[in-house]
Structures are given as C-alpha cells and as structure tokens.
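Below: data16.cif (mmCIF, N, CA and C atoms and all ligand atoms)
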data_upload
#
loop_
_atom_site.label_atom_id
_atom_site.label_comp_id
_atom_site.auth_asym_id
_atom_site.auth_seq_id
_atom_site.Cartn_x
_atom_site.Cartn_y
_atom_site.Cartn_z
N MET D 1 0.85 -1.18 0.00
CA MET D 1 0.00 0.00 0.00
C MET D 1 0.90 1.25 0.00
N SER D 2 0.62 2.16 -0.92
CA SER D 2 1.44 3.37 -0.89
C SER D 2 0.55 4.61 -0.88
N TYR D 3 1.02 5.61 -0.19
CA TYR D 3 0.29 6.86 -0.07
C TYR D 3 0.86 7.89 -1.05
N SER D 4 -0.01 8.79 -1.51
CA SER D 4 0.45 9.87 -2.38
C SER D 4 1.36 10.82 -1.57
N GLU D 5 2.13 11.61 -2.31
CA GLU D 5 2.99 12.59 -1.63
C GLU D 5 2.16 13.58 -0.81
N MET D 6 0.98 13.90 -1.35
CA MET D 6 0.10 14.85 -0.68
C MET D 6 -0.36 14.28 0.66
N VAL D 7 -0.70 13.00 0.68
CA VAL D 7 -1.12 12.36 1.94
C VAL D 7 0.04 12.38 2.93
N MET D 8 1.24 12.03 2.44
CA MET D 8 2.40 12.00 3.33
C MET D 8 2.69 13.39 3.89
N ASP D 9 2.50 14.41 3.05
CA ASP D 9 2.75 15.78 3.48
C ASP D 9 1.76 16.17 4.59
N HIS D 10 0.48 15.87 4.36
CA HIS D 10 -0.53 16.26 5.38
C HIS D 10 -0.43 15.40 6.64
N PHE D 11 0.10 14.17 6.48
CA PHE D 11 0.31 13.33 7.66
C PHE D 11 1.51 13.84 8.47
N SER D 12 2.59 14.21 7.75
CA SER D 12 3.81 14.64 8.44
C SER D 12 3.70 16.07 8.98
N ASN D 13 2.98 16.92 8.25
CA ASN D 13 2.81 18.32 8.68
C ASN D 13 1.33 18.67 8.69
N PRO D 14 0.58 18.12 9.62
CA PRO D 14 -0.87 18.37 9.59
C PRO D 14 -1.19 19.86 9.77
N ARG D 15 -2.15 20.34 8.97
CA ARG D 15 -2.60 21.73 9.08
C ARG D 15 -3.75 21.78 10.09
N ASN D 16 -3.79 22.85 10.84
CA ASN D 16 -4.94 23.11 11.74
C ASN D 16 -5.13 22.07 12.84
N MET D 17 -4.04 21.49 13.30
CA MET D 17 -4.17 20.52 14.39
C MET D 17 -4.27 21.30 15.70
N GLY D 18 -5.14 20.86 16.58
CA GLY D 18 -5.27 21.52 17.88
C GLY D 18 -6.72 21.62 18.28
N GLU D 19 -7.02 22.58 19.14
CA GLU D 19 -8.42 22.74 19.55
C GLU D 19 -8.76 24.21 19.68
N ILE D 20 -10.06 24.49 19.73
CA ILE D 20 -10.55 25.86 19.90
C ILE D 20 -11.36 25.86 21.19
N SER D 21 -11.04 26.79 22.10
CA SER D 21 -11.85 26.82 23.31
C SER D 21 -13.13 27.60 23.01
N ASN D 22 -14.21 27.15 23.56
CA ASN D 22 -15.53 27.72 23.27
C ASN D 22 -15.82 27.82 21.77
N PRO D 23 -15.73 26.72 21.06
CA PRO D 23 -15.97 26.77 19.62
C PRO D 23 -17.45 27.03 19.32
N SER D 24 -17.71 27.52 18.10
CA SER D 24 -19.11 27.71 17.69
C SER D 24 -19.78 26.35 17.49
N GLY D 25 -18.98 25.38 17.07
CA GLY D 25 -19.52 24.03 16.89
C GLY D 25 -18.40 23.03 17.05
N VAL D 26 -18.72 21.87 17.63
CA VAL D 26 -17.70 20.82 17.77
C VAL D 26 -18.39 19.48 17.50
N GLY D 27 -17.66 18.62 16.81
CA GLY D 27 -18.24 17.31 16.50
C GLY D 27 -17.20 16.23 16.65
N THR D 28 -17.61 15.11 17.23
CA THR D 28 -16.70 13.98 17.41
C THR D 28 -17.33 12.74 16.80
N VAL D 29 -16.58 12.05 15.98
CA VAL D 29 -17.08 10.79 15.45
C VAL D 29 -15.99 9.74 15.56
N GLY D 30 -16.40 8.50 15.57
CA GLY D 30 -15.44 7.41 15.64
C GLY D 30 -15.83 6.30 14.70
N ASN D 31 -14.93 5.38 14.59
CA ASN D 31 -15.21 4.17 13.83
C ASN D 31 -14.93 3.01 14.78
N ALA D 32 -16.00 2.38 15.22
CA ALA D 32 -15.86 1.35 16.26
C ALA D 32 -15.02 0.17 15.77
N GLN D 33 -14.98 -0.01 14.46
CA GLN D 33 -14.25 -1.17 13.95
C GLN D 33 -12.74 -1.01 14.14
N CYS D 34 -12.21 0.17 13.76
CA CYS D 34 -10.76 0.35 13.90
C CYS D 34 -10.41 1.10 15.19
N GLY D 35 -11.40 1.72 15.81
CA GLY D 35 -11.16 2.42 17.08
C GLY D 35 -10.68 3.84 16.93
N ASP D 36 -10.62 4.34 15.66
CA ASP D 36 -10.11 5.69 15.44
C ASP D 36 -11.19 6.74 15.76
N ILE D 37 -10.72 7.89 16.25
CA ILE D 37 -11.64 8.96 16.66
C ILE D 37 -11.15 10.29 16.09
N MET D 38 -12.10 11.11 15.63
CA MET D 38 -11.76 12.43 15.09
C MET D 38 -12.69 13.48 15.68
N ARG D 39 -12.10 14.60 16.07
CA ARG D 39 -12.91 15.71 16.60
C ARG D 39 -12.58 16.98 15.81
N ILE D 40 -13.61 17.68 15.39
CA ILE D 40 -13.44 18.93 14.62
C ILE D 40 -14.08 20.08 15.38
N TYR D 41 -13.34 21.16 15.50
CA TYR D 41 -13.83 22.39 16.15
C TYR D 41 -14.00 23.46 15.08
N LEU D 42 -15.12 24.17 15.12
CA LEU D 42 -15.36 25.25 14.16
C LEU D 42 -15.60 26.56 14.88
N GLU D 43 -14.99 27.62 14.35
CA GLU D 43 -15.30 28.98 14.80
C GLU D 43 -16.06 29.61 13.65
N ILE D 44 -17.27 30.04 13.91
CA ILE D 44 -18.14 30.52 12.83
C ILE D 44 -18.60 31.93 13.14
N ASP D 45 -18.42 32.81 12.15
CA ASP D 45 -18.81 34.20 12.31
C ASP D 45 -19.70 34.56 11.13
N ASP D 46 -20.93 34.93 11.40
CA ASP D 46 -21.86 35.28 10.31
C ASP D 46 -21.98 34.16 9.29
N ASP D 47 -22.08 32.95 9.75
CA ASP D 47 -22.20 31.75 8.91
C ASP D 47 -20.95 31.41 8.09
N ILE D 48 -19.85 32.11 8.36
CA ILE D 48 -18.58 31.80 7.67
C ILE D 48 -17.63 31.12 8.66
N ILE D 49 -16.99 30.06 8.21
CA ILE D 49 -16.05 29.34 9.07
C ILE D 49 -14.73 30.11 9.08
N THR D 50 -14.49 30.80 10.17
CA THR D 50 -13.30 31.65 10.24
C THR D 50 -12.09 30.89 10.79
N ASP D 51 -12.35 29.82 11.54
CA ASP D 51 -11.24 29.02 12.06
C ASP D 51 -11.71 27.59 12.25
N VAL D 52 -10.78 26.68 12.14
CA VAL D 52 -11.12 25.26 12.29
C VAL D 52 -9.89 24.53 12.80
N LYS D 53 -10.12 23.61 13.71
CA LYS D 53 -9.02 22.81 14.26
C LYS D 53 -9.50 21.37 14.38
N PHE D 54 -8.53 20.46 14.41
CA PHE D 54 -8.92 19.06 14.59
C PHE D 54 -7.99 18.34 15.55
N LYS D 55 -8.55 17.28 16.11
CA LYS D 55 -7.78 16.34 16.92
C LYS D 55 -8.16 14.96 16.44
N THR D 56 -7.18 14.20 16.06
CA THR D 56 -7.49 12.87 15.54
C THR D 56 -6.60 11.83 16.20
N PHE D 57 -7.24 10.80 16.70
CA PHE D 57 -6.51 9.64 17.22
C PHE D 57 -6.76 8.56 16.18
N GLY D 58 -5.85 8.47 15.24
CA GLY D 58 -6.15 7.51 14.18
C GLY D 58 -4.98 7.23 13.28
N CYS D 59 -5.28 6.54 12.20
CA CYS D 59 -4.25 6.11 11.26
C CYS D 59 -3.74 7.30 10.44
N ALA D 60 -2.73 7.04 9.64
CA ALA D 60 -2.13 8.10 8.80
C ALA D 60 -3.17 8.71 7.89
N ALA D 61 -4.03 7.89 7.31
CA ALA D 61 -5.05 8.41 6.38
C ALA D 61 -6.06 9.28 7.12
N ALA D 62 -6.37 8.91 8.36
CA ALA D 62 -7.33 9.70 9.14
C ALA D 62 -6.73 11.07 9.47
N VAL D 63 -5.45 11.10 9.82
CA VAL D 63 -4.79 12.38 10.12
C VAL D 63 -4.73 13.24 8.86
N ALA D 64 -4.33 12.64 7.74
CA ALA D 64 -4.21 13.40 6.49
C ALA D 64 -5.57 13.91 6.03
N THR D 65 -6.61 13.10 6.16
CA THR D 65 -7.93 13.57 5.70
C THR D 65 -8.48 14.63 6.65
N SER D 66 -8.18 14.54 7.94
CA SER D 66 -8.61 15.61 8.86
C SER D 66 -7.96 16.91 8.45
N SER D 67 -6.65 16.84 8.20
CA SER D 67 -5.89 18.03 7.85
C SER D 67 -6.45 18.65 6.57
N MET D 68 -6.66 17.83 5.54
CA MET D 68 -7.16 18.36 4.26
C MET D 68 -8.60 18.87 4.41
N ALA D 69 -9.43 18.16 5.17
CA ALA D 69 -10.82 18.60 5.34
C ALA D 69 -10.87 19.97 6.01
N THR D 70 -10.00 20.20 6.99
CA THR D 70 -10.00 21.51 7.66
C THR D 70 -9.58 22.60 6.67
N GLU D 71 -8.61 22.27 5.80
CA GLU D 71 -8.18 23.26 4.80
C GLU D 71 -9.32 23.58 3.84
N LEU D 72 -10.10 22.56 3.48
CA LEU D 72 -11.17 22.77 2.50
C LEU D 72 -12.34 23.58 3.07
N VAL D 73 -12.62 23.45 4.36
CA VAL D 73 -13.79 24.17 4.90
C VAL D 73 -13.44 25.58 5.39
N LYS D 74 -12.16 25.82 5.64
CA LYS D 74 -11.76 27.13 6.18
C LYS D 74 -12.14 28.25 5.22
N GLY D 75 -12.83 29.26 5.72
CA GLY D 75 -13.21 30.40 4.89
C GLY D 75 -14.51 30.20 4.13
N LYS D 76 -15.03 28.97 4.17
CA LYS D 76 -16.29 28.69 3.45
C LYS D 76 -17.48 29.02 4.35
N SER D 77 -18.63 29.19 3.71
CA SER D 77 -19.85 29.36 4.52
C SER D 77 -20.28 27.97 4.99
N ILE D 78 -21.11 27.95 6.02
CA ILE D 78 -21.58 26.66 6.54
C ILE D 78 -22.38 25.92 5.47
N TYR D 79 -22.99 26.67 4.56
CA TYR D 79 -23.81 26.03 3.52
C TYR D 79 -22.94 25.39 2.44
N GLU D 80 -21.75 25.98 2.22
CA GLU D 80 -20.80 25.36 1.28
C GLU D 80 -20.09 24.19 1.94
N ALA D 81 -19.75 24.37 3.22
CA ALA D 81 -18.96 23.35 3.92
C ALA D 81 -19.70 22.02 4.01
N VAL D 82 -21.02 22.09 4.13
CA VAL D 82 -21.78 20.85 4.28
C VAL D 82 -21.73 20.01 3.01
N LYS D 83 -21.39 20.65 1.90
CA LYS D 83 -21.36 19.91 0.62
C LYS D 83 -20.01 19.25 0.36
N ILE D 84 -19.04 19.49 1.23
CA ILE D 84 -17.72 18.89 1.00
C ILE D 84 -17.76 17.42 1.41
N THR D 85 -17.60 16.56 0.42
CA THR D 85 -17.72 15.13 0.65
C THR D 85 -16.37 14.49 0.91
N ASN D 86 -16.41 13.26 1.38
CA ASN D 86 -15.15 12.54 1.58
C ASN D 86 -14.46 12.33 0.23
N LYS D 87 -15.25 12.27 -0.85
CA LYS D 87 -14.67 12.10 -2.19
C LYS D 87 -13.82 13.33 -2.54
N ALA D 88 -14.35 14.51 -2.21
CA ALA D 88 -13.61 15.74 -2.49
C ALA D 88 -12.32 15.77 -1.68
N VAL D 89 -12.39 15.30 -0.44
CA VAL D 89 -11.19 15.27 0.42
C VAL D 89 -10.17 14.31 -0.18
N CYS D 90 -10.62 13.14 -0.61
CA CYS D 90 -9.71 12.15 -1.22
C CYS D 90 -9.07 12.71 -2.47
N GLU D 91 -9.88 13.38 -3.30
CA GLU D 91 -9.34 13.93 -4.55
C GLU D 91 -8.29 14.99 -4.25
N ALA D 92 -8.57 15.82 -3.25
CA ALA D 92 -7.61 16.88 -2.90
C ALA D 92 -6.29 16.29 -2.40
N LEU D 93 -6.36 15.06 -1.90
CA LEU D 93 -5.15 14.38 -1.41
C LEU D 93 -4.51 13.52 -2.49
N ASP D 94 -4.97 13.66 -3.74
CA ASP D 94 -4.50 12.83 -4.86
C ASP D 94 -4.76 11.35 -4.61
N GLY D 95 -5.86 11.08 -3.94
CA GLY D 95 -6.30 9.69 -3.78
C GLY D 95 -5.80 9.02 -2.52
N LEU D 96 -6.54 7.99 -2.12
CA LEU D 96 -6.16 7.15 -0.98
C LEU D 96 -6.19 5.71 -1.46
N PRO D 97 -5.36 4.85 -0.89
CA PRO D 97 -5.46 3.44 -1.24
C PRO D 97 -6.89 2.96 -0.93
N PRO D 98 -7.46 2.09 -1.78
CA PRO D 98 -8.86 1.67 -1.60
C PRO D 98 -9.21 1.23 -0.18
N VAL D 99 -8.31 0.53 0.49
CA VAL D 99 -8.63 0.06 1.84
C VAL D 99 -8.66 1.19 2.87
N LYS D 100 -8.24 2.39 2.44
CA LYS D 100 -8.18 3.52 3.37
C LYS D 100 -9.25 4.58 3.09
N VAL D 101 -10.05 4.36 2.06
CA VAL D 101 -11.06 5.36 1.70
C VAL D 101 -12.04 5.56 2.86
N HIS D 102 -12.33 4.49 3.58
CA HIS D 102 -13.29 4.61 4.70
C HIS D 102 -12.81 5.61 5.76
N CYS D 103 -11.50 5.80 5.86
CA CYS D 103 -10.95 6.74 6.86
C CYS D 103 -11.41 8.16 6.54
N SER D 104 -11.57 8.46 5.24
CA SER D 104 -11.98 9.81 4.86
C SER D 104 -13.44 10.08 5.24
N LEU D 105 -14.21 9.01 5.45
CA LEU D 105 -15.60 9.21 5.89
C LEU D 105 -15.64 9.86 7.27
N LEU D 106 -14.64 9.56 8.08
CA LEU D 106 -14.58 10.17 9.42
C LEU D 106 -14.50 11.69 9.28
N ALA D 107 -13.71 12.17 8.31
CA ALA D 107 -13.53 13.62 8.14
C ALA D 107 -14.85 14.26 7.73
N GLU D 108 -15.51 13.65 6.75
CA GLU D 108 -16.79 14.21 6.29
C GLU D 108 -17.79 14.24 7.45
N GLU D 109 -17.85 13.16 8.18
CA GLU D 109 -18.86 13.05 9.24
C GLU D 109 -18.51 13.96 10.43
N ALA D 110 -17.24 14.13 10.71
CA ALA D 110 -16.85 15.01 11.83
C ALA D 110 -17.19 16.47 11.51
N ILE D 111 -17.00 16.87 10.25
CA ILE D 111 -17.39 18.23 9.84
C ILE D 111 -18.91 18.37 10.00
N HIS D 112 -19.63 17.37 9.53
CA HIS D 112 -21.10 17.42 9.65
C HIS D 112 -21.53 17.49 11.12
N ALA D 113 -20.85 16.73 11.96
CA ALA D 113 -21.22 16.72 13.38
C ALA D 113 -20.99 18.09 14.01
N ALA D 114 -19.91 18.75 13.61
CA ALA D 114 -19.62 20.09 14.16
C ALA D 114 -20.62 21.12 13.62
N LEU D 115 -20.99 20.99 12.34
CA LEU D 115 -22.00 21.89 11.77
C LEU D 115 -23.36 21.65 12.44
N TRP D 116 -23.63 20.40 12.71
CA TRP D 116 -24.90 20.04 13.37
C TRP D 116 -24.99 20.68 14.75
N ASP D 117 -23.88 20.62 15.47
CA ASP D 117 -23.80 21.22 16.80
C ASP D 117 -24.10 22.72 16.70
N TYR D 118 -23.49 23.39 15.73
CA TYR D 118 -23.71 24.82 15.53
C TYR D 118 -25.18 25.09 15.19
N ALA D 119 -25.72 24.29 14.27
CA ALA D 119 -27.11 24.49 13.83
C ALA D 119 -28.08 24.31 15.01
N GLN D 120 -27.78 23.32 15.85
CA GLN D 120 -28.64 23.08 17.03
C GLN D 120 -28.61 24.28 17.98
N LYS D 121 -27.40 24.78 18.21
CA LYS D 121 -27.24 25.90 19.16
C LYS D 121 -27.94 27.16 18.66
N HIS D 122 -28.01 27.31 17.34
CA HIS D 122 -28.59 28.53 16.78
C HIS D 122 -29.98 28.32 16.21
N SER D 123 -30.53 27.11 16.41
CA SER D 123 -31.86 26.77 15.89
C SER D 123 -32.01 27.12 14.41
N ILE D 124 -31.01 26.72 13.64
CA ILE D 124 -31.12 26.93 12.19
C ILE D 124 -31.05 25.57 11.50
N GLU D 125 -31.47 25.59 10.24
CA GLU D 125 -31.35 24.37 9.44
C GLU D 125 -30.34 24.61 8.35
N ILE D 126 -29.49 23.62 8.11
CA ILE D 126 -28.53 23.72 7.01
C ILE D 126 -28.97 22.68 5.99
N ALA D 127 -29.34 23.16 4.80
CA ALA D 127 -29.87 22.24 3.78
C ALA D 127 -28.88 21.13 3.50
N GLY D 128 -29.37 19.91 3.50
CA GLY D 128 -28.52 18.76 3.18
C GLY D 128 -27.84 18.16 4.40
N LEU D 129 -28.00 18.79 5.56
CA LEU D 129 -27.33 18.27 6.76
C LEU D 129 -28.29 17.38 7.55
N LYS D 130 -27.87 16.14 7.71
CA LYS D 130 -28.68 15.21 8.50
C LYS D 130 -27.99 14.99 9.84
N GLN D 131 -28.76 14.53 10.80
CA GLN D 131 -28.17 14.26 12.11
C GLN D 131 -27.03 13.25 11.95
N PRO D 132 -25.82 13.64 12.37
CA PRO D 132 -24.67 12.76 12.14
C PRO D 132 -24.68 11.54 13.05
N LYS D 133 -23.94 10.55 12.62
CA LYS D 133 -23.77 9.36 13.45
C LYS D 133 -22.49 9.53 14.26
N SER D 134 -22.50 8.97 15.47
CA SER D 134 -21.26 9.07 16.23
C SER D 134 -20.30 7.94 15.85
N ASP D 135 -20.84 6.93 15.16
CA ASP D 135 -19.99 5.83 14.73
C ASP D 135 -20.21 5.58 13.25
N ILE D 136 -19.22 5.93 12.43
CA ILE D 136 -19.42 5.79 10.99
C ILE D 136 -19.35 4.33 10.55
N HIS D 137 -18.90 3.47 11.42
CA HIS D 137 -18.81 2.06 11.05
C HIS D 137 -20.16 1.51 10.60
N GLU D 138 -21.23 2.04 11.22
CA GLU D 138 -22.59 1.58 10.86
C GLU D 138 -22.91 1.88 9.40
N ASP D 139 -22.24 2.90 8.86
CA ASP D 139 -22.51 3.32 7.48
C ASP D 139 -21.69 2.55 6.45
N GLU D 140 -20.64 1.93 6.91
CA GLU D 140 -19.75 1.28 5.96
C GLU D 140 -20.39 0.04 5.38
N GLU D 141 -20.03 -0.23 4.15
CA GLU D 141 -20.55 -1.46 3.55
C GLU D 141 -19.85 -2.64 4.22
N GLU D 142 -20.66 -3.61 4.55
CA GLU D 142 -20.08 -4.80 5.16
C GLU D 142 -19.26 -5.53 4.12
N GLU D 143 -18.07 -5.95 4.53
CA GLU D 143 -17.28 -6.76 3.59
C GLU D 143 -17.71 -8.20 3.71
N LYS D 144 -17.93 -8.81 2.59
CA LYS D 144 -18.41 -10.19 2.62
C LYS D 144 -17.29 -11.14 2.22
N TYR D 145 -17.19 -12.23 2.95
CA TYR D 145 -16.17 -13.23 2.61
C TYR D 145 -16.85 -14.53 2.22
FE1 LIG G 201 -9.47 3.79 11.21
FE2 LIG G 201 -8.13 4.78 9.21
S1 LIG G 201 -8.01 2.78 10.00
S2 LIG G 201 -9.70 5.71 10.31
#

Conversion result in structure tokens:
Amino acid sequence: MSYSEMVMDHFSNPRNMGEISNPSGVGTVGNAQCGDIMRIYLEIDDDIITDVKFKTFGCAAAVATSSMATELVKGKSIYEAVKITNKAVCEALDGLPPVKVHCSLLAEEAIHAALWDYAQKHSIEIAGLKQPKSDIHEDEEEEKY
C-alpha cells in the first residue's frame, strides 16, 4: 500500500491541528471497527467558518484527511462546507489506497457533526445536513467473505 505525496505531506505536517476553546460548533465521530476517533472544532462568524481545528486519534489516512478537510472548509460558509464530501477530500489528497477510503468518511462526518452542533445551538437548518452518526462504522458497507 502506498500513499500519495500529498497524503504523506498532510500526515507529516498536519494543518490546523489543535483545539478551539468555546468553539461555535464541535463534532466527534469514531469508527468502532478500527477504534479511530476524530474531533473537529469550528469557529463561525456570520455563517462563515473563520477558524477550524482538529484532533485525531487515528491512522495516517485519518490524520491526512482531517488536515485536508479543515483546509477545504476554512473560509467557506456553513452552507458550502456541508457539501464537501469525503470524495472531495480524497481527490484533494491525490487519492487514498482503496482500503483507506473509509478513513476519509470520518472527516466528512466530523465536519457534519460540528455543523450540526452549531445548527442546534442557533436553531437553524442547514440544507442537506442530517443528524450525524457518532460511529461511521454503521454506514460502511459490510465486507463479505
Ligand atoms: Fe481507522 Fe483509518 S483505519 S480511520
């Protein structure tokens, strides 16, 4: 299995790693199968994501996708951010090995969970945003042997 240079770069020098105290929204998701956990903090001003940080306890692909996902949502409105899919994150990283694509789902879902938290606090609806799952493993396709 080999990672793209972009993945290695974001794994070795993650962008936006850390936390925000009193964030506008925070979301944590995990994957019970591998045990990895990702938390995303958002600072939102006038519906624009002005700052974003992440904490990830996970594999190299999970760290790289967290880093890239934070870069992609920074400066976007909450309505644009909700449309950023794990596919977009993978593409921005020049791809992930097939067995690692599921790791990028954590990034998409953690962003959604943080947006959901913000929407709940402000009693607003963000089109296309559904209540996130805390465990993305339930969403993964079962592998059959
Ligand atoms: Fe769990 Fe990558 S193996 S997120």

Each residue of chain D lying at most 12 Å from ligand LIG 201 (chain G) should get a row with its shortest atom-to-atom pair and the distance in Å to one decimal, counting only C-alpha atoms and all ligand atoms; could you produce that, ordered by chain and increasing number, as a tab-separated table?
residue	atom	partner	partner_atom	distance
D:Val29	CA	G:LIG201	S2	10.3
D:Gly30	CA	G:LIG201	S2	8.0
D:Asn31	CA	G:LIG201	FE1	6.3
D:Ala32	CA	G:LIG201	FE1	8.5
D:Gln33	CA	G:LIG201	FE1	7.4
D:Cys34	CA	G:LIG201	FE1	4.6
D:Gly35	CA	G:LIG201	FE1	6.3
D:Asp36	CA	G:LIG201	FE1	4.7
D:Ile37	CA	G:LIG201	S2	7.4
D:Met38	CA	G:LIG201	S2	8.5
D:Thr56	CA	G:LIG201	S2	9.1
D:Phe57	CA	G:LIG201	S2	8.6
D:Gly58	CA	G:LIG201	S2	5.6
D:Cys59	CA	G:LIG201	FE2	4.6
D:Ala60	CA	G:LIG201	FE2	6.9
D:Ala61	CA	G:LIG201	FE2	5.5
D:Ala62	CA	G:LIG201	S2	4.8
D:Val63	CA	G:LIG201	S2	8.3
D:Ala64	CA	G:LIG201	FE2	9.9
D:Thr65	CA	G:LIG201	S2	9.3
D:Ser66	CA	G:LIG201	S2	10.1
D:Leu96	CA	G:LIG201	FE2	10.6
D:Pro97	CA	G:LIG201	FE2	10.9
D:Pro98	CA	G:LIG201	FE2	11.3
D:Val99	CA	G:LIG201	S1	8.6
D:Lys100	CA	G:LIG201	FE2	6.0
D:Val101	CA	G:LIG201	FE2	8.1
D:His102	CA	G:LIG201	S2	6.8
D:Cys103	CA	G:LIG201	S2	3.8
D:Ser104	CA	G:LIG201	S2	7.2
D:Leu105	CA	G:LIG201	S2	8.2
D:Leu106	CA	G:LIG201	S2	6.7
D:Ala107	CA	G:LIG201	S2	9.1
D:Glu108	CA	G:LIG201	S2	11.8
D:Glu109	CA	G:LIG201	S2	11.8
D:Ala110	CA	G:LIG201	S2	11.8
D:Asp135	CA	G:LIG201	S2	11.2
D:Ile136	CA	G:LIG201	S2	9.7
D:His137	CA	G:LIG201	FE1	9.5
D:Glu140	CA	G:LIG201	FE1	11.8

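Taking atom N of Tyr79 (chain D) and atom C of Gly95 (chain D) as endpoints, the distance between them is 25.6 Å.
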
As AutoDock Vina command-line options, what would the box around region 24-30 of chain D look like: edges along x, y and z, 4 Å added on every side, centre and edge lengths in Å to one decimal?
--center_x -17.6 --center_y 17.0 --center_z 16.4 --size_x 12.3 --size_y 29.4 --size_z 11.4

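Comparing the minimum interatomic distances between Ile111 (chain D) and each of D:Ala88, D:Met17, D:Ala81, D:Ile49, counting only C-alpha atoms, we find that D:Ala81 sits nearest.
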
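Relative to CA of Asp94 (chain D), CA of Lys133 (chain D) is found at 26.8 Å.
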
Using only N, CA and C atoms: which of D:Phe11, D:Leu72, D:Ser24, D:Phe54 has the shortest distance to Val89 (chain D): D:Leu72

Pick out the residues sitting within 6.5 Å of Pro23 (chain D), and hand them over as an MDAnalysis selection string; count all atoms listed in the file, and ignore anything fewer than 4 positions along from it in its own chain. chainID D and resid 41:44

Take CA of Asp45 (chain D) and CA of Arg15 (chain D) and report the distance between them in Å, one decimal. 20.7 Å

DSSP on the backbone: which residues in region 19-67 of chain D end up as alpha helix (DSSP H)? Give the answer as a PyMOL selection string. chain D and resi 60-67
